[in-house]
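> What follows is start36.txt; its format and atoms are compact mmCIF, C-alpha atoms and all ligand atoms.
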```txt
# COMPACT_ATOMS: atom_id res chain seq x y z
CA MET K 1 11.05 -11.50 -0.58
CA ARG K 2 8.79 -13.53 -2.88
CA THR K 3 5.48 -14.09 -1.09
CA ILE K 4 3.26 -12.70 1.62
CA ASP K 5 1.13 -15.46 3.05
CA VAL K 6 -1.84 -14.41 5.18
CA ARG K 7 -3.15 -17.39 7.11
CA SER K 8 -6.54 -17.46 8.75
CA LEU K 9 -6.02 -13.97 10.14
CA GLY K 10 -8.37 -12.58 12.76
CA LYS K 11 -8.34 -9.26 14.63
CA ARG K 12 -10.64 -7.90 17.29
CA PHE K 13 -10.84 -4.67 19.26
CA ASP K 14 -12.63 -4.57 22.60
CA GLY K 15 -14.06 -8.04 22.04
CA ARG K 16 -15.50 -7.22 18.61
CA TRP K 17 -14.02 -8.98 15.57
CA VAL K 18 -13.07 -6.73 12.67
CA PHE K 19 -12.49 -9.83 10.52
CA ARG K 20 -11.78 -13.53 10.96
CA ARG K 21 -10.44 -16.39 8.83
CA VAL K 22 -8.86 -14.14 6.20
CA SER K 23 -6.39 -16.11 4.06
CA PHE K 24 -4.66 -15.16 0.82
CA GLN K 25 -1.23 -15.00 -0.79
CA ILE K 26 0.42 -12.20 -2.71
CA ALA K 27 3.48 -12.89 -4.84
CA ALA K 28 6.33 -10.62 -5.89
CA GLY K 29 5.75 -8.89 -9.21
CA ARG K 30 2.00 -8.71 -8.71
CA PHE K 31 -0.31 -5.75 -8.31
CA ALA K 32 -3.05 -6.55 -5.80
CA LEU K 33 -6.01 -4.44 -4.75
CA LEU K 34 -7.56 -4.64 -1.30
CA ILE K 35 -11.14 -3.43 -1.53
CA GLY K 36 -14.22 -3.18 0.66
CA ALA K 37 -16.67 -0.69 2.12
CA ASN K 38 -15.69 1.90 4.76
CA GLY K 39 -15.00 0.11 8.02
CA SER K 40 -14.63 -3.33 6.43
CA GLY K 41 -11.11 -3.66 7.89
CA LYS K 42 -8.80 -2.83 4.98
CA THR K 43 -6.48 -0.57 6.96
CA VAL K 44 -6.45 -2.92 9.94
CA LEU K 45 -5.59 -5.85 7.67
CA ALA K 46 -2.83 -3.91 5.89
CA ARG K 47 -1.19 -3.05 9.19
CA HIS K 48 -0.77 -6.76 9.89
CA LEU K 49 1.31 -7.28 6.76
CA ASN K 50 4.44 -5.87 8.39
CA GLY K 51 3.58 -6.30 12.04
CA LEU K 52 2.33 -2.79 12.84
CA LEU K 53 -0.67 -4.62 14.29
CA LEU K 54 -0.55 -8.14 15.66
CA PRO K 55 -3.40 -10.61 15.07
CA ASP K 56 -5.62 -12.31 17.61
CA GLU K 57 -5.84 -15.37 15.34
CA GLY K 58 -3.69 -16.69 12.53
CA GLU K 59 -0.43 -15.29 11.20
CA VAL K 60 1.33 -13.50 8.35
CA LEU K 61 4.39 -15.15 6.79
CA LEU K 62 6.99 -13.43 4.60
CA ASP K 63 8.63 -16.17 2.52
CA GLY K 64 7.45 -18.66 5.11
CA VAL K 65 8.84 -16.73 8.09
CA PRO K 66 6.36 -15.23 10.60
CA VAL K 67 6.37 -11.42 10.60
CA THR K 68 6.58 -11.56 14.38
CA SER K 69 9.95 -13.31 14.31
CA ASP K 70 11.64 -10.16 12.89
CA LEU K 71 9.46 -7.07 13.18
CA ALA K 72 12.18 -4.59 12.18
CA GLY K 73 13.15 -6.67 9.13
CA SER K 74 9.49 -7.13 8.16
CA ARG K 75 8.95 -3.37 8.17
CA GLN K 76 11.81 -2.95 5.71
CA GLN K 77 10.56 -5.72 3.43
CA VAL K 78 6.99 -4.47 3.46
CA GLY K 79 6.84 -0.67 3.21
CA MET K 80 3.61 1.07 4.10
CA VAL K 81 2.24 4.38 2.84
CA PHE K 82 -0.45 5.29 5.36
CA GLN K 83 -3.93 6.61 4.69
CA ASP K 84 -2.99 9.72 6.68
CA PRO K 85 0.38 10.90 5.31
CA ASP K 86 1.07 13.21 8.25
CA SER K 87 1.27 10.24 10.59
CA GLN K 88 4.46 9.05 8.91
CA ILE K 89 6.32 12.29 8.25
CA ILE K 90 9.04 12.57 10.86
CA GLY K 91 11.92 14.59 9.40
CA GLN K 92 12.57 18.29 10.00
CA THR K 93 13.14 18.75 6.27
CA VAL K 94 12.03 16.90 3.17
CA TYR K 95 15.55 15.53 2.71
CA GLU K 96 15.86 14.33 6.31
CA ASP K 97 12.45 12.72 6.14
CA VAL K 98 13.18 10.66 3.04
CA ALA K 99 16.69 9.81 4.29
CA PHE K 100 15.31 8.28 7.48
CA GLY K 101 14.52 4.84 5.99
CA PRO K 102 17.80 4.34 4.08
CA ARG K 103 19.76 5.50 7.14
CA ALA K 104 17.89 2.95 9.26
CA GLN K 105 19.11 0.38 6.72
CA ARG K 106 22.65 1.58 7.61
CA LEU K 107 23.53 2.62 4.09
CA PRO K 108 26.56 4.89 3.63
CA GLU K 109 25.64 8.56 3.31
CA ASP K 110 26.40 8.80 -0.42
CA ALA K 111 24.05 5.89 -1.09
CA VAL K 112 21.45 7.57 1.13
CA ALA K 113 21.78 10.76 -0.92
CA GLU K 114 21.35 8.81 -4.16
CA ARG K 115 18.20 7.07 -2.84
CA VAL K 116 16.72 10.35 -1.63
CA ALA K 117 17.40 12.11 -4.94
CA HIS K 118 15.78 9.28 -6.90
CA ALA K 119 12.72 9.05 -4.65
CA LEU K 120 12.19 12.84 -4.78
CA GLU K 121 12.53 12.84 -8.54
CA LEU K 122 9.97 10.04 -8.90
CA THR K 123 7.50 11.85 -6.68
CA GLY K 124 8.03 15.27 -8.26
CA LEU K 125 9.54 16.80 -5.13
CA SER K 126 13.05 17.54 -6.42
CA GLY K 127 14.08 21.05 -5.42
CA LEU K 128 12.15 20.90 -2.14
CA GLU K 129 14.92 19.11 -0.19
CA ALA K 130 15.26 21.90 2.37
CA ALA K 131 11.52 22.53 2.79
CA VAL K 132 9.86 21.92 6.15
CA PRO K 133 7.27 19.15 5.68
CA THR K 134 4.49 20.99 7.55
CA THR K 135 4.70 23.83 5.00
CA LEU K 136 3.96 21.51 2.05
CA SER K 137 0.51 21.13 0.50
CA GLY K 138 -1.64 18.08 1.25
CA GLY K 139 -0.77 16.49 -2.07
CA GLN K 140 2.94 17.21 -1.59
CA ARG K 141 2.87 15.68 1.90
CA ARG K 142 1.30 12.53 0.46
CA ARG K 143 4.05 12.38 -2.15
CA LEU K 144 6.62 12.89 0.59
CA ALA K 145 5.23 9.94 2.55
CA LEU K 146 5.45 7.86 -0.60
CA ALA K 147 9.01 9.04 -1.30
CA GLY K 148 10.05 7.86 2.17
CA VAL K 149 8.80 4.35 1.44
CA LEU K 150 10.23 4.30 -2.09
CA ALA K 151 13.65 5.23 -0.72
CA MET K 152 13.66 2.04 1.38
CA ARG K 153 13.28 -0.04 -1.82
CA SER K 154 10.99 -2.41 0.04
CA ALA K 155 10.25 -5.69 -1.75
CA CYS K 156 6.55 -5.06 -1.22
CA ILE K 157 4.83 -1.69 -0.98
CA VAL K 158 1.41 -1.26 0.61
CA LEU K 159 -0.46 1.95 -0.20
CA ASP K 160 -3.59 2.93 1.70
CA GLU K 161 -5.76 5.19 -0.49
CA PRO K 162 -2.74 6.73 -2.24
CA PHE K 163 -4.70 8.90 -4.70
CA THR K 164 -6.36 11.03 -2.05
CA PHE K 165 -5.28 14.70 -2.40
CA LEU K 166 -3.34 14.01 -5.61
CA ASP K 167 -4.17 15.93 -8.77
CA HIS K 168 -4.84 14.07 -11.99
CA GLY K 169 -1.27 14.31 -13.28
CA ALA K 170 0.11 13.02 -9.98
CA CYS K 171 -2.32 10.05 -10.00
CA VAL K 172 -1.20 9.10 -13.50
CA GLU K 173 2.46 9.42 -12.52
CA LEU K 174 2.00 7.40 -9.35
CA LEU K 175 0.22 4.55 -11.09
CA ARG K 176 2.81 4.53 -13.85
CA TYR K 177 5.61 4.34 -11.32
CA LEU K 178 3.91 1.55 -9.34
CA LEU K 179 3.56 -0.48 -12.53
CA GLU K 180 7.26 0.08 -13.20
CA LEU K 181 8.08 -1.18 -9.69
CA LYS K 182 5.91 -4.20 -10.36
CA ARG K 183 7.83 -4.87 -13.59
CA LEU K 184 11.04 -4.74 -11.55
CA GLY K 185 9.63 -7.48 -9.32
CA HIS K 186 8.16 -5.53 -6.41
CA GLY K 187 4.82 -6.61 -5.00
CA ILE K 188 2.27 -3.78 -4.85
CA ILE K 189 -0.78 -3.89 -2.59
CA MET K 190 -3.14 -0.97 -2.93
CA ILE K 191 -6.18 -0.14 -0.84
CA THR K 192 -8.51 2.00 -2.87
CA HIS K 193 -12.09 3.01 -3.53
CA ASP K 194 -11.08 4.28 -7.00
CA LEU K 195 -11.76 1.00 -8.77
CA ASP K 196 -12.66 2.74 -11.99
CA LYS K 197 -9.07 4.08 -12.07
CA VAL K 198 -7.05 0.95 -11.22
CA LEU K 199 -9.01 -2.27 -11.64
CA GLY K 200 -7.83 -2.56 -15.25
CA GLU K 201 -4.20 -2.70 -14.03
CA ALA K 202 -4.68 -5.16 -11.16
CA ASP K 203 -3.56 -8.78 -11.24
CA HIS K 204 -5.33 -9.79 -8.11
CA VAL K 205 -8.19 -8.47 -6.00
CA ILE K 206 -8.99 -9.17 -2.36
CA ALA K 207 -12.40 -8.04 -1.14
CA LEU K 208 -13.36 -7.69 2.52
CA ALA K 209 -16.99 -7.64 3.69
CA ASP K 210 -19.07 -8.78 6.63
CA GLY K 211 -16.15 -9.52 8.91
CA GLY K 212 -14.11 -11.62 6.55
CA LEU K 213 -12.78 -12.31 3.08
CA ALA K 214 -15.72 -11.88 0.68
CA ALA K 215 -13.85 -12.78 -2.48
CA GLU K 216 -10.45 -13.14 -3.99
CA GLY K 217 -9.42 -13.57 -7.58
CA GLY K 218 -8.56 -11.97 -10.88
CA ALA K 219 -9.88 -8.51 -11.75
CA ALA K 220 -12.35 -9.80 -14.37
CA ASP K 221 -13.98 -12.25 -11.94
CA ILE K 222 -14.22 -9.67 -9.21
CA LEU K 223 -15.66 -7.03 -11.53
CA ARG K 224 -18.68 -9.24 -12.19
CA GLN K 225 -19.25 -9.88 -8.50
CA LEU K 226 -18.79 -6.34 -7.12
CA PRO K 227 -22.46 -5.50 -6.41
CA ALA K 228 -22.65 -8.53 -4.13
CA TYR K 229 -20.08 -6.87 -1.80
CA GLY K 230 -21.86 -3.55 -1.73
CA ILE K 231 -19.45 -1.96 -4.20
CA ARG K 232 -20.72 -0.13 -7.25
CA ARG K 233 -19.63 -1.73 -10.50
CA PRO K 234 -17.60 0.83 -12.48
CA HIS K 235 -18.79 1.57 -16.01
CA GLY K 236 -16.78 0.42 -19.00
CA GLU K 237 -14.62 -2.46 -20.05
CA LEU K 238 -11.98 -3.77 -17.65
CA GLU K 239 -9.07 -2.52 -19.78
CA GLN K 240 -10.48 1.02 -19.66
CA LEU K 241 -10.53 1.13 -15.84
CA SER K 242 -7.20 2.89 -15.36
CA TRP K 243 -5.73 6.33 -14.78
CA LEU K 244 -3.60 5.57 -17.82
CA ARG K 245 -6.51 5.37 -20.30
N1 LIG Y 301 -7.37 0.95 17.22
C1 LIG Y 301 -8.64 0.58 17.09
N2 LIG Y 301 -9.43 0.39 18.17
C2 LIG Y 301 -10.71 0.00 18.04
N3 LIG Y 301 -11.32 -0.23 16.86
C3 LIG Y 301 -10.60 -0.05 15.75
C4 LIG Y 301 -9.23 0.38 15.80
N4 LIG Y 301 -8.77 0.46 14.52
C5 LIG Y 301 -9.80 0.12 13.73
N5 LIG Y 301 -10.89 -0.18 14.45
C6 LIG Y 301 -12.20 -0.61 13.91
O1 LIG Y 301 -11.97 -1.62 12.94
C7 LIG Y 301 -12.92 -1.50 11.86
C8 LIG Y 301 -12.19 -1.48 10.54
O2 LIG Y 301 -11.44 -0.27 10.43
P1 LIG Y 301 -10.52 0.05 9.20
O3 LIG Y 301 -9.87 1.35 9.48
O4 LIG Y 301 -9.64 -1.11 8.91
O5 LIG Y 301 -11.57 0.20 8.01
P2 LIG Y 301 -11.29 0.50 6.46
O6 LIG Y 301 -11.81 -0.65 5.68
O7 LIG Y 301 -9.86 0.86 6.28
O8 LIG Y 301 -12.25 1.76 6.21
P3 LIG Y 301 -12.02 3.09 5.31
O9 LIG Y 301 -12.45 2.71 3.91
O10 LIG Y 301 -12.98 4.06 5.90
O11 LIG Y 301 -10.61 3.54 5.42
C9 LIG Y 301 -13.73 -0.23 12.16
O12 LIG Y 301 -14.95 -0.63 12.72
C10 LIG Y 301 -12.89 0.51 13.16
O13 LIG Y 301 -13.69 1.25 14.03
MG MG Y 302 -8.87 2.60 5.81
```
Take the structure in the file and write it out as structure tokens.

Amino acid sequence: MRTIDVRSLGKRFDGRWVFRRVSFQIAAGRFALLIGANGSGKTVLARHLNGLLLPDEGEVLLDGVPVTSDLAGSRQQVGMVFQDPDSQIIGQTVYEDVAFGPRAQRLPEDAVAERVAHALELTGLSGLEAAVPTTLSGGQRRRLALAGVLAMRSACIVLDEPFTFLDHGACVELLRYLLELKRLGHGIIMITHDLDKVLGEADHVIALADGGLAAEGGAADILRQLPAYGIRRPHGELEQLSWLR
């Protein structure tokens, strides 16, 4: 998958629009941030990218094909790490949980095992294969949710506030790994309030405010405009705004 094309998207609940006329494109191999104040519609928008929510106006296309024409396929192409990790943990053990996605892709069991091992290694959970997910710490459960998405090798990965509950070392590791995935050609879309920790790594920023798209562009342009969207401008030069500095 090469591009996600969001076209004039609108969503309402109970007659009230969360946003309207939101349009943007995200290409493979790019790291995009989706920003905006609490309640601006970031999570709702993200859930449209693979058809977990369906719009009231407009559409989302994956390489020109509407998400709605193949919901199951769309969910494999666009993997989602939810804001609340517990909502996506389904396995009885760590291993079973991470294996769920690759098994749904009908991979042979040895390939499933290889994917699980790699995803657990990347998320620092190796050795916990037999653990029961509910007995893990908050940070470990968040890593587990991420491992499940990584194991699917989705072309695009959407992460909703992924740094919550993670310690400093885990934040650094996560960002490093996402940049590696980007280098390998995956598209990364991150929802975050931690602009001072990621803006310096972003290629593309999409800002929601006042029921629509407030701005879209490169990180440097957006940095200058942040106060206009009710977002505090982080201190320091753009290149310094990273967990990796
Ligand atoms: N299932 C739903 N039914 C009704 N309203 C909803 C539903 N889901 C979201 N909303 C409303 O849509 C708006 C946007 O919510 P959303 O969760 O996308 O915000 P957000 O930008 O992700 O905020 P945060 O930064 O707090 O996570 C809110 O006003 C919320 O109440
Ligand atoms: Mg949210």
> Please identify the residues whose atoms come within 12 Å of ligand MG 302 (chain Y), using all atoms listed in the file, and report them as a ChimeraX atom specification.
/K:34-47,81-84,159-162,164,190-193,208
> Measuring atom to atom with only C-alpha atoms and all ligand atoms, identify which of K:Leu175, K:Gly200, K:Ala209, K:Val112 is nearest to ligand LIG 301 (chain Y).
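Looking at the shortest contact to ligand LIG 301 (chain Y), the residue is K:Ala209.
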> So which residues touch Ala72 of chain K within 10 Å, counting all atoms listed in the file, skipping near sequence neighbours fewer than 5 positions away, as a ChimeraX atom specification?
/K:50-51,67,77,104
> List every protein, DNA or RNA residue that has an atom no more than 7 Å from (-1.6, -14.9, 2.6) in the file's coordinate frame, counting all atoms listed in the file, and report them as a list in words.
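Using all atoms listed in the file, the matching residues come out as Ile4, Asp5, Val6, Arg7, Ser23, Phe24, Gln25, Ile26 and Val60 of chain K.
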> With all atoms listed in the file as the basis for distance, which of K:Val94, K:Val22, K:Leu150, K:Leu9 is at the shortest distance from Ala119 of chain K?
K:Leu150
> Show me, as a list in words, the residues that have an atom within 6 Å of Cys156 of chain K when counting all atoms listed in the file, minus same-chain residues fewer than 6 positions from it.
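Residues meeting the cut-off are Val78, His186, Gly187 and Ile188 of chain K.
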> Those same residues, written as a PDB file, in the frame of the given file with C-alpha atoms?

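What landed in result15.pdb:
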```pdb
ATOM      1  CA  VAL K  78       6.990  -4.470   3.460  1.00  0.00           C
ATOM      2  CA  HIS K 186       8.160  -5.530  -6.410  1.00  0.00           C
ATOM      3  CA  GLY K 187       4.820  -6.610  -5.000  1.00  0.00           C
ATOM      4  CA  ILE K 188       2.270  -3.780  -4.850  1.00  0.00           C
TER       5      ILE K 188
END
```
> Mind listing as a ChimeraX atom specification all residues within 12 Å of (-7.9, -1.8, -20.9), counting all atoms listed in the file?
/K:196-202,219-220,236-245
> Report the distance between atom CA of Leu62 of chain K and atom CA of Met1 of chain K in Å, rounded to one decimal place.
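These atoms are spaced 6.9 Å apart.
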> Of the candidates K:Tyr229, K:Phe13, K:Phe100, K:Phe19, which one gets nearest to Ala145 of chain K if we count all atoms listed in the file?
K:Phe100
> Any idea what the distance is between atom CA of Ser69 of chain K and atom C2 of ligand LIG 301 (chain Y)?
24.9 Å
> By how many Å are atom CA of Gln225 of chain K and atom CA of Arg16 of chain K apart?
27.5 Å
> Using all atoms listed in the file, which of K:Tyr95, K:Phe31, K:Phe165, K:Trp17 sits nearest Ala117 of chain K?
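Result for the nearest residue to Ala117 of chain K: K:Tyr95.
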> May I have the residues within 7 Å of Arg141 of chain K as a VMD selection string, using only C-alpha atoms and disregarding those fewer than 5 positions away in the same chain?
chain K and resid 85 133 136
> Measuring atom to atom with only C-alpha atoms and all ligand atoms, identify which of K:Leu146, K:Leu174, K:Leu52, K:Ala155 is nearest to ligand LIG 301 (chain Y).
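Ranked by minimum distance to ligand LIG 301 (chain Y), first place goes to K:Leu52.
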> Nearest to ligand LIG 301 (chain Y) among K:Val149, K:Leu179, K:Val65, K:Leu213, with distances taken over only C-alpha atoms and all ligand atoms: which residue is it?
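Answer, going by the shortest atom-to-atom distance: K:Leu213.
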> With 5 Å on each side, where is the centre of the axis-aligned box around all listed atoms of ligand LIG 301 (chain Y), and how long are its edges in Å to one decimal, as AutoDock Vina command-line options?

```
--center_x -11.2 --center_y 1.2 --center_z 11.0 --size_x 17.6 --size_y 15.7 --size_z 24.3
```
> For Met152 of chain K, please output as a PDB file with C-alpha atoms, in the coordinates of the input all residues within 7 Å (counting all atoms listed in the file; exclusion window: fewer than 3 positions along the same chain).

```pdb
ATOM      1  CA  GLN K  76      11.810  -2.950   5.710  1.00  0.00           C
ATOM      2  CA  GLY K 101      14.520   4.840   5.990  1.00  0.00           C
ATOM      3  CA  PRO K 102      17.800   4.340   4.080  1.00  0.00           C
ATOM      4  CA  GLY K 148      10.050   7.860   2.170  1.00  0.00           C
ATOM      5  CA  VAL K 149       8.800   4.350   1.440  1.00  0.00           C
TER       6      VAL K 149
END
```
